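Peer 1: I am attaching a structure below and will ask some questions about it afterwards.
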Amino acid sequence: MRNMLLTFDPQAQITADAEQGFVFEVLTFEHGERGFSAIGRFSGSDSVLEERLIDCEIGDPRYPEADLDRRIRERIRLLCLRLMTRATGQTASPWGILTGIRPTKMYFYLSALGFSADEIRERLVAVYGLTPAKADLVRAVAQVEKPFLNNPADQVGIYIGIPFCPTRCHYCSFASYPLSTHGHHVPRFLEALAREIQAVSACLQSTGLKVNCLYVGGGTPTALPDDAFESLMHLLPQSFRIPAQGEFTIEAGRPDTISPRKAMIIKAAGANRVSVNPQTMHDKTLAIIGRGHTAAEVCRAVECIRAAGIATLNMDLIAGLPGETRDDMAQTLAAIQKLAPENLTVHTLAIKRAAQWRHNLADYDLPSADETAAMVELAAQVASRMGMHPYYLYRQRFILANLENLGFSLPGNESPYNIQMIEERQTVVGLGGGGVTRLVRPESGKIERLFNPKCPATYVSRIEEIISGKVKSIESLFH
Ligand code: SF4
């Protein structure tokens with residue numbers, strides 16, 4: 001059913017799924033001077049429902065003519081959604097027919113056509129089927145993001161992937177290999193990474209590009225042994241000059257990898273943002289999800305970051321973890337509030353193909369969609385009480401209750417890197433394990449993607465080819 005909605009071809013007037021005991025038909029649709037109209041019918045074993053959709057907005061002259069097919073397809077999908085919602089009695093996704101992972105891109109698309117913020121909000125509800133609350137959220141996030149999206153064309157971001165962690169969390173789908181089984185790859189991986197960093201640094205200098213944000217993620221970079229971590233932290237500021245107002249983030253996702261020495265190394269390298277990710281402050285849940293650390297270790301890690309004087313602390317949480325309720329989330333949020341991070345990122349659990357849990361998720365007691373939505377809403381309320389506003393937003397496939405991931409920040413502490421990753425307006429060069437390069441053509445906004453291997457051994461064995469391909473692509477785009 002879902003696939004049918006996503007792939008519906010407006011040229012084909014009838015779609016049926018008799019095998020499942022129902023038939024869905026788009027009986028008619030037409031588009032003319034007076035707008036668009038369509039009638040759909042759902043025939044189940046004991047009911048027949050019809051739905052009519054009339055839309056005059058589709059002909060707004062601000063839309064480009066070439067966009068018409070897409071608009072027709074969207075109206076038909078909305079008709080399908082309404083009909084299916086009635087037929088099944090289920091609540092539609094709060095995101096309506098928006099299936100992409102970046103809802104704010106639709107906002108900026110309509111804004112570029114000349115629609116006002118109020119008009120866009122209206123269309124998000126009426127044409128795309130968002131709930132009013134999600135439409136308000138998109139508008140609020142887009143308005144915070146806007147000033148970050150007009151960087152000069154010579155600005156780029158850098159991502160460095162360190163694909164190692166102490167252990168692998170059961171829900172993880174990132175490039176992350178446990179040190180217990182893959183730790184022997186670390187020295188050669190770091191040698192290869194140093195070569196890639198130096199080659200990309202030289203290439204940026206020769207093309208006149210400037211780095212405005214540097215993000216070291218993974219994996220857990222702070223899982224590296226102290227000396228190896230210190231060498232990498234020395235190399236980065238030598239290779240990429242970040243302006244004083246720029247962002248330099250280190251992921252320290254696993255709090256058990258942070259020590260006073262690691263925090264001082266981070267500070268000495270000039271990093272100004274660190275992410276410590278509890279996910280939950282309940283030890284029982286941490287054990288279930290395979291995090292291998294405790295809530296007390298989160299507090300100790302935060303003390304180290306604060307003692308080192310690093311300006312911005314981000315903390316990640318996950319709503320919808322097994323066995324958790326809204327009350328559990330309330331307790332976690334109360335503990336986070338005491339730690340007073342400048343950024344808070346609230347994810348909703350999403351189990352992708354690379355996660356260990358993809359095989360046995362049904363064995364776990366996941367909260368209901370309503371309970372999960374209540375957790376997300378509570379997190380937003382607490383973030384607001386902490387003086388934060390939502391500043392970036394994305395969705396994922398297989399996300400619980402069709403919800404979203406939402407980043408909050410105290411005003412002035414937003415992560416420009418996170419915004420650039422979602423809006424894809426600026427080139428980000430990805431290095432290291434699993435690093436993804438997004439080369440954005442300044443004149444057209446078109447994006448070319450290059451993927452580094454996630455596996456450290458493959459990365460090491462292909463490093464020369466990776467470097468030459470990346471340098472060639474950057475030079476051809478910016479020369
Ligand atoms: S700490 Fe993060 S990157 Fe590492 S295994 Fe857990 S979820 Fe994956």
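Convention: chains lettered A, B, ... in structure tokens order; per-chain residue numbering from 1; ligands numbered from 1 as shown.
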How would you report the residues lying within 6 Å of ligand 1, as a list in words, if you count only C-alpha atoms and all ligand atoms?

Peer 2: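 Here is the list of contacting residues: Cys165, Thr167, Arg168, Cys169, Cys172, Phe174, Ser176, Gly218, Gly219, Thr220, Gly253 and Arg254 of chain A.
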
Peer 1: Can you tell me which residues surround Glu30 in chain A at a distance of at most 12 Å, considering only C-alpha atoms, apart from same-chain residues fewer than 5 positions away, and format the answer as JSON, numbers by chain?

Peer 2: {"A": [10, 11, 13, 35, 36, 37, 38, 39, 52, 53, 54, 55, 56, 58, 72, 73, 75, 76]}

Peer 1: Pick out the closest residue to Leu235 in chain A from this set: A:Leu78, A:Ala252, A:Ala269, A:Leu113. Count only C-alpha atoms.

Peer 2: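 Of A:Leu78, A:Ala252, A:Ala269, A:Leu113, the one nearest Leu235 in chain A, counting only C-alpha atoms, is A:Ala269.
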
Peer 1: For range 154-245 of chain A versus range 346-366 of chain A, which residues have an atom no more than 6 Å away, and what is each residue's nearest atom pair and distance in Å rounded to one decimal, using only C-alpha atoms, chain-then-number order, as a Markdown table?

Peer 2:
| residue | atom | partner | partner_atom | distance |
| --- | --- | --- | --- | --- |
| A:His170 | CA | A:Gln356 | CA | 5.1 |
| A:Tyr171 | CA | A:Ala355 | CA | 5.1 |
| A:Cys172 | CA | A:Ala355 | CA | 5.0 |
| A:Ser173 | CA | A:Ala354 | CA | 4.7 |

Peer 1: What would the file look like if the residues just selected were written as an mmCIF file, in the first residue's frame with N, CA, C and O atoms?

Peer 2:
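The file below, result.cif, is the result:
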data_model
loop_
_atom_site.group_PDB
_atom_site.id
_atom_site.type_symbol
_atom_site.label_atom_id
_atom_site.label_comp_id
_atom_site.auth_asym_id
_atom_site.auth_seq_id
_atom_site.Cartn_x
_atom_site.Cartn_y
_atom_site.Cartn_z
ATOM 1 N N HIS A 170 23.190 -1.813 19.595
ATOM 2 C CA HIS A 170 22.331 -2.717 18.815
ATOM 3 C C HIS A 170 21.536 -2.020 17.711
ATOM 4 O O HIS A 170 21.119 -2.642 16.750
ATOM 5 N N TYR A 171 21.284 -0.734 17.877
ATOM 6 C CA TYR A 171 20.469 -0.003 16.893
ATOM 7 C C TYR A 171 21.329 0.712 15.851
ATOM 8 O O TYR A 171 20.817 1.349 14.941
ATOM 9 N N CYS A 172 22.668 0.582 15.984
ATOM 10 C CA CYS A 172 23.569 1.436 15.189
ATOM 11 C C CYS A 172 23.606 1.050 13.714
ATOM 12 O O CYS A 172 23.706 -0.130 13.375
ATOM 13 N N SER A 173 23.553 2.071 12.851
ATOM 14 C CA SER A 173 23.714 1.813 11.409
ATOM 15 C C SER A 173 24.832 2.687 10.840
ATOM 16 O O SER A 173 24.927 2.865 9.637
#

Peer 1: Measure the distance from CA of Leu400 in chain A to CA of Ser43 in chain A in Å and round it to one decimal.

Peer 2: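 These two atoms are separated by 29.1 Å.
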
Peer 1: If DSSP is run on the backbone, what residues of range 184-385 of chain A are strand (DSSP E)? A reply as a PDB file with C-alpha atoms, in the first residue's frame would be ideal.

Peer 2:
ATOM      1  CA  LYS A 210      38.056  28.068   2.766  1.00  0.00           C
ATOM      2  CA  VAL A 211      36.869  25.720   5.518  1.00  0.00           C
ATOM      3  CA  ASN A 212      34.143  27.166   7.732  1.00  0.00           C
ATOM      4  CA  CYS A 213      33.257  24.018   9.693  1.00  0.00           C
ATOM      5  CA  LEU A 214      35.063  20.837  10.650  1.00  0.00           C
ATOM      6  CA  TYR A 215      33.220  17.856  12.092  1.00  0.00           C
ATOM      7  CA  VAL A 216      34.997  14.769  13.398  1.00  0.00           C
ATOM      8  CA  GLY A 217      32.471  11.957  13.710  1.00  0.00           C
ATOM      9  CA  GLY A 218      32.156   8.253  13.134  1.00  0.00           C
ATOM     10  CA  GLU A 247      32.582  25.326  14.080  1.00  0.00           C
ATOM     11  CA  PHE A 248      34.977  22.553  15.074  1.00  0.00           C
ATOM     12  CA  THR A 249      33.052  19.612  16.510  1.00  0.00           C
ATOM     13  CA  ILE A 250      34.299  16.344  17.981  1.00  0.00           C
ATOM     14  CA  GLU A 251      31.856  13.471  18.451  1.00  0.00           C
ATOM     15  CA  ARG A 273      31.830  21.839  20.223  1.00  0.00           C
ATOM     16  CA  VAL A 274      31.659  18.314  21.652  1.00  0.00           C
ATOM     17  CA  SER A 275      28.818  15.846  21.455  1.00  0.00           C
ATOM     18  CA  THR A 312      29.358  24.100  23.251  1.00  0.00           C
ATOM     19  CA  LEU A 313      28.116  20.763  24.509  1.00  0.00           C
ATOM     20  CA  ASN A 314      25.597  18.753  22.499  1.00  0.00           C
ATOM     21  CA  MET A 315      23.750  15.779  23.932  1.00  0.00           C
ATOM     22  CA  ASP A 316      21.778  13.234  21.882  1.00  0.00           C
ATOM     23  CA  LEU A 317      18.703  11.408  23.138  1.00  0.00           C
ATOM     24  CA  ILE A 318      16.537   8.741  21.511  1.00  0.00           C
ATOM     25  CA  ALA A 319      12.764   8.619  21.926  1.00  0.00           C
ATOM     26  CA  ASN A 343      22.571  21.809  22.126  1.00  0.00           C
ATOM     27  CA  LEU A 344      20.146  18.910  22.499  1.00  0.00           C
ATOM     28  CA  THR A 345      19.352  16.511  19.663  1.00  0.00           C
ATOM     29  CA  VAL A 346      16.270  14.342  20.039  1.00  0.00           C
ATOM     30  CA  HIS A 347      16.188  11.363  17.686  1.00  0.00           C
ATOM     31  CA  THR A 348      13.342   8.938  17.256  1.00  0.00           C
TER      32      THR A 348
END

Peer 1: I'd like the contact shell of Pro103 in chain A - 9 Å cut-off, only C-alpha atoms, skipping same-chain residues fewer than 4 positions apart - returned as a PyMOL selection string.

Peer 2: chain A and resi 95+98-99+107+138+393-395

Peer 1: Tell me, which residues of range 12-114 of chain A carry DSSP alpha helix (DSSP H), written as a PyMOL selection string?

Peer 2: chain A and resi 68-88+103-113

Peer 1: Tell me which of A:Glu196, A:Glu443, A:Glu297, A:Glu371 sits closest to Glu464 in chain A, counting only C-alpha atoms.

Peer 2: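 Among the listed residues, the smallest separation from Glu464 in chain A belongs to A:Glu196.
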
Peer 1: So which residues touch Arg306 in chain A within 10 Å, counting only C-alpha atoms, skipping near sequence neighbours fewer than 5 positions away, as a PDB file with N, CA and C atoms, in the first residue's frame?

Peer 2:
ATOM      1  N   PRO A 260      39.690  13.313  31.422  1.00  0.00           N
ATOM      2  CA  PRO A 260      40.198  14.694  31.504  1.00  0.00           C
ATOM      3  C   PRO A 260      41.259  14.943  30.431  1.00  0.00           C
ATOM      4  N   ALA A 263      39.670  15.429  26.996  1.00  0.00           N
ATOM      5  CA  ALA A 263      38.996  16.733  26.918  1.00  0.00           C
ATOM      6  C   ALA A 263      40.025  17.850  26.725  1.00  0.00           C
ATOM      7  N   ARG A 300      30.089  12.201  34.365  1.00  0.00           N
ATOM      8  CA  ARG A 300      31.549  12.384  34.494  1.00  0.00           C
ATOM      9  C   ARG A 300      32.136  12.966  33.195  1.00  0.00           C
ATOM     10  N   ALA A 301      31.649  12.477  32.046  1.00  0.00           N
ATOM     11  CA  ALA A 301      32.160  12.985  30.764  1.00  0.00           C
ATOM     12  C   ALA A 301      31.846  14.477  30.622  1.00  0.00           C
ATOM     13  N   ALA A 311      33.362  25.278  24.548  1.00  0.00           N
ATOM     14  CA  ALA A 311      32.232  26.224  24.569  1.00  0.00           C
ATOM     15  C   ALA A 311      30.858  25.556  24.451  1.00  0.00           C
ATOM     16  N   THR A 312      30.702  24.620  23.528  1.00  0.00           N
ATOM     17  CA  THR A 312      29.358  24.100  23.251  1.00  0.00           C
ATOM     18  C   THR A 312      29.307  22.597  23.462  1.00  0.00           C
ATOM     19  N   LEU A 313      28.345  22.191  24.261  1.00  0.00           N
ATOM     20  CA  LEU A 313      28.116  20.763  24.509  1.00  0.00           C
ATOM     21  C   LEU A 313      26.792  20.374  23.870  1.00  0.00           C
ATOM     22  N   LEU A 339      22.484  19.072  33.477  1.00  0.00           N
ATOM     23  CA  LEU A 339      23.800  19.136  32.832  1.00  0.00           C
ATOM     24  C   LEU A 339      23.900  20.353  31.901  1.00  0.00           C
ATOM     25  N   PRO A 341      23.263  21.359  28.644  1.00  0.00           N
ATOM     26  CA  PRO A 341      23.977  21.467  27.364  1.00  0.00           C
ATOM     27  C   PRO A 341      23.474  22.672  26.565  1.00  0.00           C
TER      28      PRO A 341
END

Peer 1: For Cys203 in chain A, work out the shell of residues within 8 Å, counting only C-alpha atoms and skipping chain neighbours fewer than 2 positions away, then give it as a PyMOL selection string.

Peer 2: chain A and resi 199-201+205-207+471+474-475

Peer 1: When you count only C-alpha atoms, which of these residues is closest to Pro163 in chain A: A:Cys455, A:Ile399, A:Leu232, A:Leu410?

Peer 2: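 Selected residue with least distance to Pro163 in chain A: A:Cys455.
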
Peer 1: So, with only C-alpha atoms as the atoms that count, which of A:Thr104, A:Thr91, A:Asn413, A:Thr427 lies closest to Asp136 in chain A?

Peer 2: A:Thr104

Peer 1: Could you please determine the separation between CA of Tyr63 in chain A and CA of Glu25 in chain A in Å, to one decimal place?

Peer 2: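 Pair CA of Tyr63 in chain A / CA of Glu25 in chain A returns 28.1 Å.
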
Peer 1: Would you pick out the contacts of Gln198 in chain A at 8 Å or less, using only C-alpha atoms, so that residues sharing its chain but fewer than 4 positions from it are not included, and give the list as a list in words?

Peer 2: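 Result of the neighbour search: Ala194, Ala202 and Ser239 of chain A.
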
Peer 1: Deliver the residues from the most recent selection as a file, using all heavy atoms, as a PDB file, in the first residue's frame.

Peer 2:
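What follows is the written file out18.pdb:
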ATOM      1  N   ALA A 194      45.751  10.420   7.493  1.00  0.00           N
ATOM      2  CA  ALA A 194      46.671  11.573   7.472  1.00  0.00           C
ATOM      3  C   ALA A 194      47.011  11.919   6.024  1.00  0.00           C
ATOM      4  O   ALA A 194      47.081  13.104   5.656  1.00  0.00           O
ATOM      5  CB  ALA A 194      47.930  11.249   8.278  1.00  0.00           C
ATOM      6  N   ALA A 202      45.853  20.423   0.744  1.00  0.00           N
ATOM      7  CA  ALA A 202      46.612  21.044  -0.358  1.00  0.00           C
ATOM      8  C   ALA A 202      45.662  21.421  -1.498  1.00  0.00           C
ATOM      9  O   ALA A 202      45.785  22.493  -2.111  1.00  0.00           O
ATOM     10  CB  ALA A 202      47.689  20.080  -0.854  1.00  0.00           C
ATOM     11  N   SER A 239      46.061  21.507   9.229  1.00  0.00           N
ATOM     12  CA  SER A 239      45.642  21.254   7.842  1.00  0.00           C
ATOM     13  C   SER A 239      44.459  22.120   7.410  1.00  0.00           C
ATOM     14  O   SER A 239      44.343  22.470   6.231  1.00  0.00           O
ATOM     15  CB  SER A 239      45.257  19.778   7.679  1.00  0.00           C
ATOM     16  OG  SER A 239      46.276  18.950   8.194  1.00  0.00           O
TER      17      SER A 239
END

Peer 1: For a quick check of understanding, using only C-alpha atoms, which of A:Cys304, A:Leu236, A:Ala369, A:Leu209 has the smallest distance to Tyr159 in chain A?

Peer 2: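 Looking at the shortest contact to Tyr159 in chain A, the residue is A:Leu236.
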
Peer 1: Between CA of Arg86 in chain A and CA of Glu51 in chain A, what distance in Å does the model show, to one decimal?

Peer 2: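 Separation between CA of Arg86 in chain A and CA of Glu51 in chain A: 9.2 Å.
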